[in-house]
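Student: I am attaching a structure below and will ask some questions about it afterwards.
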Amino acid sequence: MLDTIIEGAVAFMLIAGGAFAFIGSLGLTHLKDFYMRLHGPSKTTTLGVGFTLIGSLIYFSREDGPVIQELLITIFAFITAPVSAHMLAKSALHHKLKPDPRTRGNPVELESDKPRHTIEEAPQGNSPLP
Amino acid sequence: MIDMALWIALALFCAAIVLNFYRAVVGPSLPDRVLAVDTMYMNSIALIVLFGIWVNNKDYFEAALLIAMLGFVSTIAICKYLLRGDIIE
């Protein structure tokens with residue numbers, strides 16, 4: 001009875017992990033611009049890989065005691081995924097990738113390439129240097 | 001029950017890696033390709049863990065841990081290069 005419950009839990013974890021990771025990669029392929037595409041892998045794929053690792057943890061700890069090494073990878077993935085997503089978003093803003101018109105938000109980094117004023121109109125301080 | 005779930009999960013992860021590969025080849029910009037490779041290593045971690053379940057050997061998690069750490073460091077290094085034009089300033 002208990003074995004059946006544990007096997008069911010492992011099977012549920014594996015299928016849920018596969019489904020989440022597949023949906024994340026589908027979002028990466030299907031969405032329109034980079035700022036939308038960033039959502040799929042950074043949230044959904046991380047959750048899917050976490051589900052799979054927890055399923056593997058339950059599978060290996062059902063015979064001889066708890067095995068907690070796989071929890072290490074799960075925690076590592078859950079900590080590092082937001083950091084890499086943040087760095088990718090920063091580099092995309094730095095490269096001024098064009099957003100889709102339906103993407104909300106209007107960050108300052110994407111506003112325009114031109115400087116606010118030309119050199120002639122620039123505010124002149126009273127600096128002694130020429 | 002676990003065998004069936006294992007095959008379904010393997011098929012889903014392989015399809016996910018194929019989709020990531022498509023984005024890495026087609027991707028219009030450089031951050032798109034970096035994101036696709038980042039997702040590809042996350043999926044390959046899960047694939048290695050599933051292979052460990054398949055052969056019933058728990059040592060494969062070390063390979064998954066190595067891929068996780070090196071993948072994170074390489075993603076951060078490439079992003080740093082795209083941002084600043086230099087990795088260690």
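So you can find residues: chains in the structure tokens are A, B, ... in the order shown, residues in each start at 1, and ligands are numbered from 1 in order.
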Write down, as a PyMOL selection string, each residue of chain A that has any atom within 8 Å of an atom of chain B, counting only C-alpha atoms.
Tutor: chain A and resi 7-8+10-12+14-15+17-19+21-22+25-26+28-29+34+38+41+45-46+49+52-53+56+59-60+69-70+73+76-77+80+84+87-88+90-92+94+97
Student: What parts of chain B does DSSP call alpha helix (DSSP H)? I'd like the answer as a PyMOL selection string.
Tutor: chain B and resi 2-26+30-54+61-84
Student: By how many Å are atom CA of Arg104 of chain A and atom CA of Lys32 of chain A apart?
Tutor: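 Atom CA of Arg104 of chain A sits 12.9 Å away from atom CA of Lys32 of chain A.
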Student: One decimal, Å: what's the distance from atom CA of Thr74 of chain A over to atom CA of Gly50 of chain A, could you say?
Tutor: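 Pair atom CA of Thr74 of chain A / atom CA of Gly50 of chain A returns 5.3 Å.
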Student: Any idea what the distance is between atom CA of His95 of chain A and atom CA of Tyr41 of chain B?
Tutor: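 For atom CA of His95 of chain A relative to atom CA of Tyr41 of chain B, the distance reads 23.9 Å.
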